[in-house]
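Visitor: To be precise about what I am sending: the file is called model.txt and holds compact mmCIF, C-alpha atoms and all ligand atoms.
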# COMPACT_ATOMS: atom_id res chain seq x y z
CA MET A 1 98.53 1.70 10.84
CA THR A 2 95.60 2.55 13.12
CA THR A 3 92.58 0.31 12.79
CA LEU A 4 89.53 2.10 11.46
CA ARG A 5 86.44 1.96 13.59
CA ALA A 6 82.79 2.91 13.08
CA VAL A 7 81.91 6.55 13.75
CA LYS A 8 81.17 7.13 17.44
CA GLY A 9 77.50 6.58 18.19
CA MET A 10 76.91 4.63 14.97
CA ASN A 11 76.46 0.90 15.28
CA ASP A 12 76.93 -2.19 13.20
CA VAL A 13 74.14 -4.72 13.30
CA LEU A 14 75.72 -8.11 12.72
CA PRO A 15 73.81 -10.94 11.01
CA GLU A 16 73.05 -12.81 14.23
CA ALA A 17 71.24 -9.71 15.61
CA LEU A 18 69.26 -9.17 12.43
CA PRO A 19 66.42 -11.61 13.16
CA ARG A 20 65.43 -9.48 16.18
CA TRP A 21 65.41 -6.37 14.02
CA ARG A 22 63.42 -8.10 11.31
CA ARG A 23 60.81 -9.17 13.81
CA VAL A 24 60.19 -5.56 14.88
CA GLU A 25 60.23 -4.34 11.29
CA ALA A 26 57.86 -7.09 10.15
CA ALA A 27 55.41 -6.31 12.96
CA PHE A 28 55.55 -2.60 12.07
CA ARG A 29 55.02 -3.30 8.37
CA ALA A 30 52.14 -5.68 9.07
CA ILE A 31 50.20 -3.39 11.40
CA THR A 32 50.69 -0.27 9.28
CA ALA A 33 49.54 -2.22 6.22
CA ARG A 34 46.44 -3.35 8.12
CA HIS A 35 45.73 0.32 8.81
CA GLY A 36 46.09 1.27 5.15
CA TYR A 37 49.52 2.91 5.29
CA ALA A 38 51.78 2.53 2.27
CA GLU A 39 55.57 2.72 2.50
CA VAL A 40 57.41 5.76 1.16
CA ARG A 41 61.18 5.98 0.66
CA THR A 42 62.79 9.39 0.56
CA PRO A 43 66.48 10.32 0.26
CA ILE A 44 68.67 10.20 3.36
CA VAL A 45 70.22 13.54 2.39
CA GLU A 46 68.09 16.67 2.01
CA PRO A 47 68.72 20.39 1.57
CA THR A 48 69.63 21.79 5.00
CA GLN A 49 66.95 24.46 4.66
CA LEU A 50 64.24 21.79 4.76
CA PHE A 51 65.08 20.92 8.35
CA ILE A 52 65.68 24.50 9.44
CA ARG A 53 62.28 25.54 8.12
CA SER A 54 60.37 22.58 9.52
CA ILE A 55 62.01 21.46 12.76
CA GLY A 56 62.77 25.06 13.74
CA GLU A 57 65.90 27.13 14.20
CA ALA A 58 65.88 27.22 17.98
CA THR A 59 65.73 23.46 18.55
CA ASP A 60 68.44 21.11 19.77
CA ILE A 61 68.35 19.24 16.50
CA VAL A 62 68.95 22.24 14.28
CA GLU A 63 71.21 24.14 16.66
CA LYS A 64 73.53 21.33 17.62
CA GLU A 65 72.82 17.94 16.18
CA MET A 66 72.63 18.00 12.41
CA TYR A 67 75.23 16.40 10.18
CA THR A 68 75.52 19.20 7.67
CA PHE A 69 78.04 19.53 4.86
CA VAL A 70 78.67 21.47 1.68
CA ASP A 71 78.89 19.15 -1.31
CA LYS A 72 81.15 19.57 -4.32
CA GLY A 73 78.48 21.64 -6.06
CA ASP A 74 78.38 24.06 -3.11
CA ASP A 75 74.96 22.86 -1.98
CA MET A 76 74.34 22.81 1.77
CA LEU A 77 73.04 19.35 2.61
CA THR A 78 72.08 17.50 5.81
CA LEU A 79 71.72 13.84 6.75
CA ARG A 80 68.06 13.58 7.76
CA PRO A 81 67.60 13.82 11.54
CA GLU A 82 63.98 12.62 11.31
CA GLY A 83 61.44 11.51 8.73
CA THR A 84 58.54 13.95 8.76
CA ALA A 85 60.22 16.87 6.98
CA SER A 86 61.25 14.66 4.06
CA ALA A 87 57.79 13.09 3.83
CA VAL A 88 56.15 16.51 3.74
CA ARG A 89 58.63 17.72 1.14
CA ALA A 90 57.85 14.70 -1.05
CA TYR A 91 54.12 15.09 -0.49
CA ILE A 92 54.26 18.68 -1.74
CA GLU A 93 56.80 18.03 -4.52
CA HIS A 94 54.64 15.31 -6.08
CA ALA A 95 51.40 17.27 -5.57
CA VAL A 96 49.91 14.24 -3.82
CA HIS A 97 47.17 16.36 -2.26
CA GLY A 98 45.74 16.93 -5.75
CA ARG A 99 45.29 13.18 -6.28
CA GLU A 100 43.75 12.02 -3.02
CA PRO A 101 42.16 13.68 0.00
CA ILE A 102 43.86 11.46 2.58
CA SER A 103 47.34 9.96 2.22
CA LYS A 104 48.76 7.47 4.70
CA TRP A 105 52.48 6.89 4.47
CA SER A 106 54.87 4.78 6.49
CA TYR A 107 58.66 4.74 6.48
CA LEU A 108 61.51 2.91 8.13
CA GLY A 109 65.16 3.84 8.01
CA PRO A 110 68.20 5.39 9.64
CA MET A 111 68.20 8.93 11.05
CA PHE A 112 71.20 10.99 12.13
CA ARG A 113 71.65 13.30 15.09
CA ARG A 114 74.93 14.28 16.68
CA GLU A 115 73.73 13.72 20.23
CA ARG A 116 75.87 12.56 23.15
CA PRO A 117 75.86 8.78 22.76
CA ALA A 118 74.39 6.74 25.62
CA ARG A 119 72.43 3.55 25.96
CA GLY A 120 69.39 4.03 23.73
CA ARG A 121 70.76 7.25 22.25
CA TYR A 122 72.87 7.00 19.14
CA ARG A 123 74.08 9.24 16.35
CA GLN A 124 72.70 6.93 13.71
CA PHE A 125 69.49 5.28 14.85
CA TRP A 126 66.53 3.67 13.14
CA GLN A 127 63.05 5.03 13.14
CA ALA A 128 59.83 3.48 11.96
CA GLY A 129 57.10 6.03 11.52
CA VAL A 130 53.92 7.04 9.77
CA GLU A 131 52.38 10.24 8.47
CA CYS A 132 48.70 10.75 7.77
CA PHE A 133 47.92 13.76 5.55
CA GLY A 134 44.48 15.24 5.08
CA ASP A 135 42.55 14.34 8.23
CA GLY A 136 42.29 16.97 10.94
CA GLY A 137 41.43 14.44 13.63
CA PRO A 138 40.90 13.77 16.47
CA PHE A 139 39.81 10.22 15.60
CA VAL A 140 42.80 9.57 13.38
CA ASP A 141 44.99 10.78 16.26
CA ALA A 142 43.45 8.24 18.61
CA GLU A 143 43.64 5.52 15.97
CA MET A 144 47.35 6.19 15.52
CA ILE A 145 48.08 6.10 19.24
CA ASP A 146 46.10 2.88 19.55
CA MET A 147 48.04 1.39 16.63
CA VAL A 148 51.35 2.10 18.38
CA VAL A 149 50.15 0.57 21.63
CA THR A 150 48.86 -2.51 19.80
CA LEU A 151 52.14 -2.86 17.92
CA LEU A 152 54.19 -2.61 21.10
CA GLY A 153 51.89 -5.15 22.74
CA GLU A 154 52.40 -7.55 19.83
CA LEU A 155 56.14 -7.15 20.35
CA GLY A 156 55.77 -8.03 24.01
CA VAL A 157 56.04 -4.52 25.47
CA GLN A 158 53.27 -4.36 28.07
CA ASP A 159 54.68 -2.00 30.64
CA LEU A 160 54.22 1.32 28.94
CA GLU A 161 52.62 4.67 29.42
CA VAL A 162 50.92 6.85 26.83
CA LEU A 163 51.23 10.59 27.45
CA VAL A 164 49.07 13.06 25.55
CA ASN A 165 48.90 16.81 25.45
CA SER A 166 47.60 19.52 23.18
CA LEU A 167 49.66 22.45 22.00
CA GLY A 168 46.59 24.14 20.60
CA SER A 169 46.76 26.09 17.39
CA GLY A 170 46.77 29.66 16.12
CA ASP A 171 47.37 32.10 18.91
CA THR A 172 47.13 29.53 21.74
CA ARG A 173 50.84 28.99 21.64
CA ASP A 174 51.55 32.72 21.44
CA ARG A 175 49.41 33.38 24.49
CA TYR A 176 50.95 30.46 26.35
CA ARG A 177 54.43 31.54 25.32
CA GLU A 178 53.78 34.96 26.84
CA ALA A 179 52.48 33.47 30.07
CA LEU A 180 55.38 31.06 30.34
CA THR A 181 57.91 33.79 29.65
CA ALA A 182 56.28 35.97 32.28
CA HIS A 183 56.53 33.08 34.75
CA LEU A 184 60.18 32.30 34.03
CA ALA A 185 61.63 35.76 33.32
CA PRO A 186 61.95 36.84 36.97
CA HIS A 187 64.11 33.73 37.59
CA ARG A 188 66.19 34.10 34.45
CA ASP A 189 69.52 33.91 36.28
CA ARG A 190 68.69 30.53 37.77
CA LEU A 191 67.88 28.96 34.39
CA SER A 192 70.48 26.87 32.57
CA GLU A 193 72.51 28.62 29.90
CA ASP A 194 70.52 27.02 27.06
CA SER A 195 67.23 27.95 28.66
CA GLN A 196 68.31 31.56 29.23
CA ARG A 197 68.89 31.81 25.53
CA ARG A 198 65.59 30.09 24.75
CA LEU A 199 63.62 32.36 27.00
CA ALA A 200 63.60 34.80 24.11
CA SER A 201 63.76 32.44 21.13
CA ASN A 202 61.68 29.40 22.10
CA PRO A 203 60.50 29.33 25.74
CA LEU A 204 58.33 26.21 25.27
CA ARG A 205 61.45 24.19 24.83
CA ILE A 206 62.47 25.05 28.40
CA LEU A 207 59.68 22.72 29.58
CA ASP A 208 61.60 19.93 27.88
CA SER A 209 64.90 20.75 29.59
CA LYS A 210 66.65 18.02 31.53
CA SER A 211 68.37 20.49 33.88
CA PRO A 212 67.06 20.06 37.48
CA ALA A 213 67.08 23.84 38.05
CA ASP A 214 64.99 24.39 34.90
CA GLN A 215 62.62 21.62 35.90
CA GLU A 216 62.14 23.12 39.32
CA LEU A 217 61.31 26.52 37.86
CA CYS A 218 58.92 24.95 35.37
CA ALA A 219 57.07 23.03 38.07
CA GLY A 220 54.92 26.03 38.93
CA ALA A 221 54.47 27.18 35.34
CA PRO A 222 50.98 27.57 33.87
CA ASP A 223 49.50 24.57 32.04
CA LEU A 224 49.14 24.63 28.28
CA VAL A 225 45.70 23.06 28.34
CA ASP A 226 44.33 26.04 30.26
CA PHE A 227 45.13 28.21 27.25
CA LEU A 228 43.28 26.19 24.64
CA GLY A 229 40.53 27.97 22.72
CA PRO A 230 37.11 26.27 22.37
CA GLU A 231 37.97 24.45 19.12
CA ASP A 232 41.30 23.19 20.34
CA ARG A 233 39.71 22.12 23.58
CA ALA A 234 36.97 20.22 21.72
CA HIS A 235 39.65 18.54 19.60
CA PHE A 236 41.62 17.49 22.67
CA GLU A 237 38.49 16.22 24.37
CA GLY A 238 37.57 14.36 21.18
CA LEU A 239 40.95 12.65 21.27
CA GLN A 240 40.52 11.62 24.88
CA GLY A 241 36.99 10.36 24.27
CA ALA A 242 38.15 8.31 21.28
CA LEU A 243 41.01 6.80 23.28
CA ARG A 244 38.58 5.85 26.02
CA ALA A 245 36.25 4.29 23.43
CA LEU A 246 39.19 2.24 22.14
CA GLY A 247 40.19 1.27 25.66
CA THR A 248 43.67 2.71 25.21
CA PRO A 249 45.03 3.85 28.57
CA PHE A 250 46.62 7.31 28.55
CA ARG A 251 47.60 10.14 30.84
CA VAL A 252 47.32 13.84 30.07
CA ALA A 253 50.80 15.33 30.51
CA PRO A 254 50.35 19.11 30.54
CA ARG A 255 54.11 19.82 30.25
CA LEU A 256 54.75 17.53 27.29
CA VAL A 257 56.16 19.69 24.49
CA ARG A 258 58.65 17.58 22.49
CA GLY A 259 61.65 18.86 20.65
CA LEU A 260 60.35 19.89 17.26
CA ASP A 261 58.69 23.19 16.45
CA TYR A 262 56.23 22.02 13.82
CA TYR A 263 53.72 20.42 16.17
CA SER A 264 50.24 21.78 16.80
CA ARG A 265 47.32 20.39 18.79
CA THR A 266 47.80 16.68 19.60
CA LEU A 267 51.16 15.62 20.99
CA PHE A 268 51.91 12.18 22.31
CA GLU A 269 54.67 10.00 23.62
CA VAL A 270 54.83 6.36 24.54
CA GLN A 271 57.25 5.59 27.32
CA GLY A 272 58.50 2.17 28.23
CA ARG A 273 59.94 0.83 31.44
CA GLY A 274 62.36 -1.90 32.40
CA GLY A 275 64.48 -4.12 30.16
CA GLU A 276 67.80 -2.52 29.38
CA LEU A 277 66.14 0.73 28.45
CA GLY A 278 67.47 3.02 31.20
CA ALA A 279 66.99 6.76 30.97
CA GLN A 280 66.13 6.93 27.27
CA ASN A 281 62.66 5.57 27.87
CA THR A 282 60.69 7.35 25.15
CA LEU A 283 59.89 4.63 22.64
CA CYS A 284 57.77 6.68 20.37
CA GLY A 285 56.92 10.32 19.85
CA GLY A 286 54.42 11.95 17.62
CA GLY A 287 51.96 14.68 17.06
CA ARG A 288 49.92 16.77 14.75
CA TYR A 289 51.57 19.26 12.42
CA ASP A 290 48.64 21.00 10.81
CA GLY A 291 50.65 24.00 9.59
CA LEU A 292 53.74 22.27 8.25
CA VAL A 293 52.61 21.44 4.72
CA ARG A 294 51.75 25.09 4.20
CA THR A 295 54.95 26.33 5.85
CA LEU A 296 56.94 24.28 3.36
CA GLY A 297 55.07 25.73 0.39
CA GLY A 298 52.14 23.35 0.02
CA PRO A 299 48.40 23.73 0.56
CA ASP A 300 46.61 23.73 3.88
CA VAL A 301 46.58 20.04 4.77
CA PRO A 302 46.21 18.95 8.39
CA SER A 303 48.53 16.06 9.22
CA ILE A 304 49.74 13.88 12.04
CA GLY A 305 52.58 11.41 12.45
CA PHE A 306 54.79 9.53 14.85
CA ALA A 307 58.17 7.86 14.88
CA MET A 308 59.46 5.11 17.11
CA GLY A 309 63.06 4.17 17.77
CA ILE A 310 63.83 0.60 16.78
CA GLU A 311 66.92 0.31 18.99
CA ARG A 312 64.94 1.35 22.07
CA ILE A 313 62.30 -1.27 21.39
CA LEU A 314 65.04 -3.86 21.02
CA LEU A 315 66.54 -2.82 24.36
CA LEU A 316 63.18 -3.41 25.94
CA THR A 317 62.16 -6.61 24.22
CA GLY A 318 65.53 -8.33 24.63
CA GLY A 319 65.69 -11.75 23.03
CA ALA A 320 68.70 -13.77 22.03
CA ASP A 321 70.68 -13.28 18.87
CA THR A 322 70.22 -16.16 16.49
CA ALA A 323 72.43 -17.31 13.66
CA PRO A 324 70.64 -18.13 10.43
CA THR A 325 70.22 -21.85 9.76
CA VAL A 326 69.92 -23.84 6.55
CA ASP A 327 67.57 -26.67 5.59
CA VAL A 328 70.22 -28.73 3.93
CA ALA A 329 73.98 -28.71 3.46
CA VAL A 330 75.93 -30.30 0.64
CA ALA A 331 79.33 -31.87 1.31
CA VAL A 332 81.81 -33.56 -1.00
CA ALA A 333 84.06 -36.52 -0.17
CA ASP A 334 86.42 -35.50 -2.94
CA ALA A 335 87.29 -32.04 -4.23
CA SER A 336 86.72 -33.21 -7.81
CA LEU A 337 82.98 -33.34 -7.10
CA ARG A 338 82.63 -29.64 -6.31
CA GLU A 339 81.06 -28.78 -9.66
CA GLU A 340 78.47 -31.49 -9.10
CA ALA A 341 77.84 -30.02 -5.65
CA LEU A 342 77.40 -26.58 -7.19
CA VAL A 343 74.70 -27.89 -9.52
CA LEU A 344 72.97 -29.77 -6.71
CA LEU A 345 72.96 -26.64 -4.52
CA ARG A 346 71.42 -24.63 -7.32
CA ASP A 347 68.69 -27.27 -7.82
CA LEU A 348 67.87 -27.32 -4.10
CA ARG A 349 67.65 -23.52 -3.94
CA ALA A 350 65.53 -23.41 -7.08
CA ALA A 351 63.05 -25.65 -5.24
CA GLY A 352 62.84 -23.10 -2.42
CA LEU A 353 65.14 -24.83 0.04
CA VAL A 354 67.76 -22.99 2.05
CA ALA A 355 70.93 -24.79 1.03
CA ASP A 356 74.61 -24.14 1.64
CA GLY A 357 77.89 -25.92 1.33
CA ASP A 358 81.56 -25.36 1.97
CA LEU A 359 83.25 -25.57 -1.40
CA ARG A 360 86.75 -24.60 -0.31
CA GLY A 361 87.95 -28.19 -0.75
CA GLY A 362 88.52 -29.11 2.91
CA SER A 363 88.11 -32.53 4.52
CA LEU A 364 84.72 -34.23 4.58
CA LYS A 365 84.90 -34.29 8.38
CA SER A 366 85.25 -30.52 8.63
CA GLN A 367 82.43 -30.02 6.12
CA LEU A 368 80.12 -32.25 8.16
CA ARG A 369 81.07 -30.53 11.41
CA ARG A 370 80.34 -27.12 9.91
CA ALA A 371 77.01 -28.34 8.51
CA ALA A 372 75.88 -29.50 11.94
CA ASP A 373 77.42 -26.84 14.22
CA LYS A 374 77.51 -23.67 12.21
CA LEU A 375 74.81 -24.05 9.59
CA GLY A 376 72.33 -25.89 11.82
CA ALA A 377 71.39 -28.08 8.85
CA ARG A 378 68.53 -30.54 9.13
CA ALA A 379 70.17 -32.83 6.58
CA VAL A 380 73.45 -33.18 4.72
CA LEU A 381 73.82 -34.53 1.21
CA VAL A 382 77.19 -36.18 0.71
CA LEU A 383 78.57 -36.63 -2.78
CA GLY A 384 81.20 -39.38 -3.11
CA PRO A 385 83.09 -40.67 -6.18
CA ALA A 386 81.58 -44.17 -6.01
CA GLU A 387 78.05 -42.87 -5.38
CA SER A 388 78.44 -40.37 -8.17
CA GLU A 389 79.28 -43.17 -10.62
CA ARG A 390 76.11 -44.95 -9.61
CA GLY A 391 74.00 -41.78 -9.83
CA VAL A 392 73.15 -41.68 -6.11
CA VAL A 393 73.72 -39.34 -3.20
CA GLN A 394 74.04 -40.10 0.51
CA LEU A 395 71.43 -38.35 2.63
CA LYS A 396 72.32 -37.89 6.29
CA ASP A 397 69.34 -36.99 8.45
CA LEU A 398 71.02 -35.14 11.30
CA ALA A 399 67.95 -35.10 13.52
CA ALA A 400 67.19 -38.82 13.18
CA HIS A 401 70.88 -39.80 13.09
CA SER A 402 70.20 -41.99 10.09
CA GLN A 403 71.48 -42.15 6.56
CA SER A 404 70.28 -43.52 3.27
CA GLU A 405 71.22 -43.58 -0.36
CA ILE A 406 68.89 -41.88 -2.80
CA PRO A 407 68.91 -41.51 -6.58
CA ARG A 408 70.19 -38.12 -7.68
CA ALA A 409 66.94 -37.46 -9.56
CA GLU A 410 64.89 -37.81 -6.35
CA VAL A 411 67.12 -35.78 -4.05
CA VAL A 412 65.21 -32.51 -4.19
CA LEU A 413 61.82 -34.11 -3.53
CA ARG A 414 63.16 -36.22 -0.68
CA VAL A 415 64.81 -33.25 1.04
CA GLN A 416 61.69 -31.15 0.60
CA ALA A 417 59.61 -33.87 2.27
CA LEU A 418 62.08 -34.18 5.14
CA VAL A 419 62.16 -30.43 5.76
CA ARG A 420 58.39 -30.15 5.55
CA GLU A 421 57.86 -32.84 8.14
CA SER A 422 60.32 -31.23 10.58
CA LYS A 423 58.72 -27.76 10.41
P1 LIG B 1 61.72 12.22 17.80
O1 LIG B 1 61.96 12.17 16.32
O2 LIG B 1 62.75 13.03 18.52
O3 LIG B 1 60.31 12.57 18.14
O4 LIG B 1 61.96 10.76 18.35
C1 LIG B 1 61.09 9.69 18.10
C2 LIG B 1 61.69 8.43 18.65
O5 LIG B 1 62.90 8.13 17.96
C3 LIG B 1 62.10 8.49 20.10
O6 LIG B 1 61.04 8.21 20.92
C4 LIG B 1 63.17 7.44 20.19
O7 LIG B 1 62.61 6.15 20.33
C5 LIG B 1 63.83 7.53 18.85
N1 LIG B 1 65.05 8.36 18.93
C6 LIG B 1 65.17 9.69 18.84
N2 LIG B 1 66.45 10.09 18.94
C7 LIG B 1 67.17 8.96 19.11
C8 LIG B 1 68.57 8.69 19.26
N3 LIG B 1 69.48 9.65 19.26
N4 LIG B 1 68.96 7.39 19.41
C9 LIG B 1 68.05 6.40 19.41
N5 LIG B 1 66.73 6.59 19.25
C10 LIG B 1 66.29 7.85 19.10
When written as structure tokens, how does the structure in this file appear?
Ligand code: AMP
Guide:
Amino acid sequence: MTTLRAVKGMNDVLPEALPRWRRVEAAFRAITARHGYAEVRTPIVEPTQLFIRSIGEATDIVEKEMYTFVDKGDDMLTLRPEGTASAVRAYIEHAVHGREPISKWSYLGPMFRRERPARGRYRQFWQAGVECFGDGGPFVDAEMIDMVVTLLGELGVQDLEVLVNSLGSGDTRDRYREALTAHLAPHRDRLSEDSQRRLASNPLRILDSKSPADQELCAGAPDLVDFLGPEDRAHFEGLQGALRALGTPFRVAPRLVRGLDYYSRTLFEVQGRGGELGAQNTLCGGGRYDGLVRTLGGPDVPSIGFAMGIERILLLTGGADTAPTVDVAVAVADASLREEALVLLRDLRAAGLVADGDLRGGSLKSQLRRAADKLGARAVLVLGPAESERGVVQLKDLAAHSQSEIPRAEVVLRVQALVRESK
């Protein structure tokens, strides 16, 4: 029989790697909470139409990367490729705009895209992100970018670059689209196959192309920022001024477009360098999507969000895997004492201690070895028949290499004191 393996591009995270993940998640949760974001949890599966209508038909995600299936009720469903569409759907569905003028949501969870797997690019990957509904910016935009930079700094990522651009709004994009098409059309034959197709459907996406020929042709293309109307320009300048006031370094990247259609005005990316990151160096991407709530059937609510890839941050921050350790282990010198051990373990845990024991009935020696080597226990409590008769337990302090006998009734307090003093 063939051995079953995980789906290509989808990874297991084993327990020893989890502490590194938790550290990133905890830092994300803490900083978003300090900024007034509250966590939202939406389903992992959504109607396919949600992503088509929000991300856009002529995007890589919708054209090639979605995990879409027809369920037994003939509904067309898709595993979410990103978090914003679902958040906006929920925001509209629960009429949140009617209850509060500004809503700040955060989320953290797996996303699914059928991309070509590589280091830092997976088919199931984790994103932590936020959405802020109801504030047209640009101060909230700057605040969000600064929050990401602060978070990455707290996680030890110093070598990074913040790129910002503005896509403008209203007819800015239409006018730019025309100019870009006019620039590229004479060289149509030299564009990659994808870009030839996109020249008609979504020329802005050509700026994002990885093909060297496309990049060369785009090098002389007009800049988006030159097409901004006065209000968009003021917004973009407001963002830059606010970033300067916050002391957040950034660079204007006039060709930054990003792969989702719903963006308007502010766009940003945070790129990292070094570590094991390699080519997939975009840690975080975000932008404003002022028209999306309305596009999906809601009111006119300006919004902005970002998402960062947890795996990419882990590639950059490194750190060793660590096995979980326990405060105290319980071992029995005789298998007949296992019920007593069970009760003792429960009492220790009830007092808040991390306690574990091997109750398979093996030798005392193997139980002690496991307590020291595998569980990393600070102390071991050994139950023996003679001690049990006398109502005492043997306490082995593994750090001090000492042992003592203590009355059963005092065990929990004594272990608590020992653990407290070693922390
Ligand atoms: P996006 O939703 O495309 O704007 O991506 C936001 C962030 O999610 C990126 O900057 C990456 O850190 C991460 N990300 C996107 N796609 C993948 C993927 N296939 N594998 C791992 N991380 C990803």
Visitor: Find the nearest atom pair between each residue of chain A and ligand LIG 1 (chain B) for residues within 6 Å, count only C-alpha atoms and all ligand atoms, give distances in Å to one decimal, sort rows by chain and ascending number, and present the table as a Markdown table.
Guide:
| residue | atom | partner | partner_atom | distance |
| --- | --- | --- | --- | --- |
| A:Glu82 | CA | B:LIG1 | O1 | 5.4 |
| A:Arg113 | CA | B:LIG1 | N3 | 6.0 |
| A:Glu115 | CA | B:LIG1 | N3 | 6.0 |
| A:Gly120 | CA | B:LIG1 | C9 | 5.1 |
| A:Arg121 | CA | B:LIG1 | N4 | 3.4 |
| A:Tyr122 | CA | B:LIG1 | N4 | 3.9 |
| A:Arg123 | CA | B:LIG1 | N3 | 5.5 |
| A:Phe125 | CA | B:LIG1 | C9 | 4.9 |
| A:Gln127 | CA | B:LIG1 | O5 | 5.7 |
| A:Thr282 | CA | B:LIG1 | O6 | 4.3 |
| A:Leu283 | CA | B:LIG1 | O7 | 3.9 |
| A:Cys284 | CA | B:LIG1 | O6 | 3.7 |
| A:Gly285 | CA | B:LIG1 | O3 | 4.4 |
| A:Gly286 | CA | B:LIG1 | O3 | 5.9 |
| A:Ala307 | CA | B:LIG1 | C1 | 4.7 |
| A:Met308 | CA | B:LIG1 | C2 | 4.3 |
| A:Gly309 | CA | B:LIG1 | O7 | 3.3 |
| A:Arg312 | CA | B:LIG1 | O7 | 5.6 |
Visitor: I'd like the contact shell of A:Arg205 - 9 Å cut-off, all atoms listed in the file, skipping same-chain residues fewer than 5 positions apart - returned as JSON, numbers by chain.
Guide: {"A": [58, 59, 195, 198, 199, 257, 258, 259, 260, 261]}
Visitor: Would you give me, as JSON lines, each residue of stretch 356-376 of chain A having an atom within 10 Å of an atom of stretch 388-407 of chain A, along with its shortest atom pair and that distance in Å to one decimal, using all atoms listed in the file and sorting by chain and residue number?
Guide:
{"residue": "A:Leu368", "atom": "CA", "partner": "A:Lys396", "partner_atom": "CA", "distance": 9.8}
{"residue": "A:Ala371", "atom": "CA", "partner": "A:Leu398", "partner_atom": "CA", "distance": 9.5}
{"residue": "A:Ala372", "atom": "CA", "partner": "A:Leu398", "partner_atom": "CA", "distance": 7.5}
{"residue": "A:Gly376", "atom": "CA", "partner": "A:Leu398", "partner_atom": "CA", "distance": 9.4}
Visitor: Between A:Leu344, A:Ala17, A:Val70, A:Ala6, which one has atoms that come closest to A:Pro324, using only C-alpha atoms?
Guide: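 Looking at the shortest contact to A:Pro324, the residue is A:Ala17.
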Visitor: Env of A:Leu108: 12 Å cut, atoms = all atoms listed in the file, seq-sep filter 3 positions within chain, self excluded. Answer as a VMD selection string.
Guide: chain A and resid 21 to 22 24 to 26 28 to 29 32 38 to 44 82 to 84 87 105 111 125 to 131 306 to 310
Visitor: Output C-alpha atoms for every residue in that selection, as a PDB file, in the frame of the given file.
Guide:
ATOM      1  CA  TRP A  21      65.410  -6.370  14.020  1.00  0.00           C
ATOM      2  CA  ARG A  22      63.420  -8.100  11.310  1.00  0.00           C
ATOM      3  CA  VAL A  24      60.190  -5.560  14.880  1.00  0.00           C
ATOM      4  CA  GLU A  25      60.230  -4.340  11.290  1.00  0.00           C
ATOM      5  CA  ALA A  26      57.860  -7.090  10.150  1.00  0.00           C
ATOM      6  CA  PHE A  28      55.550  -2.600  12.070  1.00  0.00           C
ATOM      7  CA  ARG A  29      55.020  -3.300   8.370  1.00  0.00           C
ATOM      8  CA  THR A  32      50.690  -0.270   9.280  1.00  0.00           C
ATOM      9  CA  ALA A  38      51.780   2.530   2.270  1.00  0.00           C
ATOM     10  CA  GLU A  39      55.570   2.720   2.500  1.00  0.00           C
ATOM     11  CA  VAL A  40      57.410   5.760   1.160  1.00  0.00           C
ATOM     12  CA  ARG A  41      61.180   5.980   0.660  1.00  0.00           C
ATOM     13  CA  THR A  42      62.790   9.390   0.560  1.00  0.00           C
ATOM     14  CA  PRO A  43      66.480  10.320   0.260  1.00  0.00           C
ATOM     15  CA  ILE A  44      68.670  10.200   3.360  1.00  0.00           C
ATOM     16  CA  GLU A  82      63.980  12.620  11.310  1.00  0.00           C
ATOM     17  CA  GLY A  83      61.440  11.510   8.730  1.00  0.00           C
ATOM     18  CA  THR A  84      58.540  13.950   8.760  1.00  0.00           C
ATOM     19  CA  ALA A  87      57.790  13.090   3.830  1.00  0.00           C
ATOM     20  CA  TRP A 105      52.480   6.890   4.470  1.00  0.00           C
ATOM     21  CA  MET A 111      68.200   8.930  11.050  1.00  0.00           C
ATOM     22  CA  PHE A 125      69.490   5.280  14.850  1.00  0.00           C
ATOM     23  CA  TRP A 126      66.530   3.670  13.140  1.00  0.00           C
ATOM     24  CA  GLN A 127      63.050   5.030  13.140  1.00  0.00           C
ATOM     25  CA  ALA A 128      59.830   3.480  11.960  1.00  0.00           C
ATOM     26  CA  GLY A 129      57.100   6.030  11.520  1.00  0.00           C
ATOM     27  CA  VAL A 130      53.920   7.040   9.770  1.00  0.00           C
ATOM     28  CA  GLU A 131      52.380  10.240   8.470  1.00  0.00           C
ATOM     29  CA  PHE A 306      54.790   9.530  14.850  1.00  0.00           C
ATOM     30  CA  ALA A 307      58.170   7.860  14.880  1.00  0.00           C
ATOM     31  CA  MET A 308      59.460   5.110  17.110  1.00  0.00           C
ATOM     32  CA  GLY A 309      63.060   4.170  17.770  1.00  0.00           C
ATOM     33  CA  ILE A 310      63.830   0.600  16.780  1.00  0.00           C
TER      34      ILE A 310
END
Visitor: For a test of reading the model, state the distance in Å between atom CA of A:Val157 and atom CA of A:Leu277, rounded to one decimal.
Guide: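 Taking atom CA of A:Val157 as the start and atom CA of A:Leu277 as the end point, the length is 11.8 Å.
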Visitor: Let me make sure I understand: among A:Tyr107, A:Tyr67, A:Phe268, A:Phe139, which one has the smallest atom-to-atom distance to A:Tyr37 if we use only C-alpha atoms?
Guide: A:Tyr107
Visitor: Nearest to A:Pro101 among A:Cys218, A:Val330, A:Cys132, A:Ala85, with distances taken over only C-alpha atoms: which residue is it?
Guide: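 Closest residue, counting only C-alpha atoms: A:Cys132.
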Visitor: Neighbouring residues of A:Ile206 were defined as those with any atom within 9 Å, considering all atoms listed in the file; residues of the same chain fewer than 2 positions away were excluded. Please report them as a list in words.
Guide: Leu191, Asp194, Ser195, Gln196, Arg198, Leu199, Asn202, Pro203, Leu204, Asp208, Ser209, Lys210, Asp214, Gln215 and Cys218 of chain A
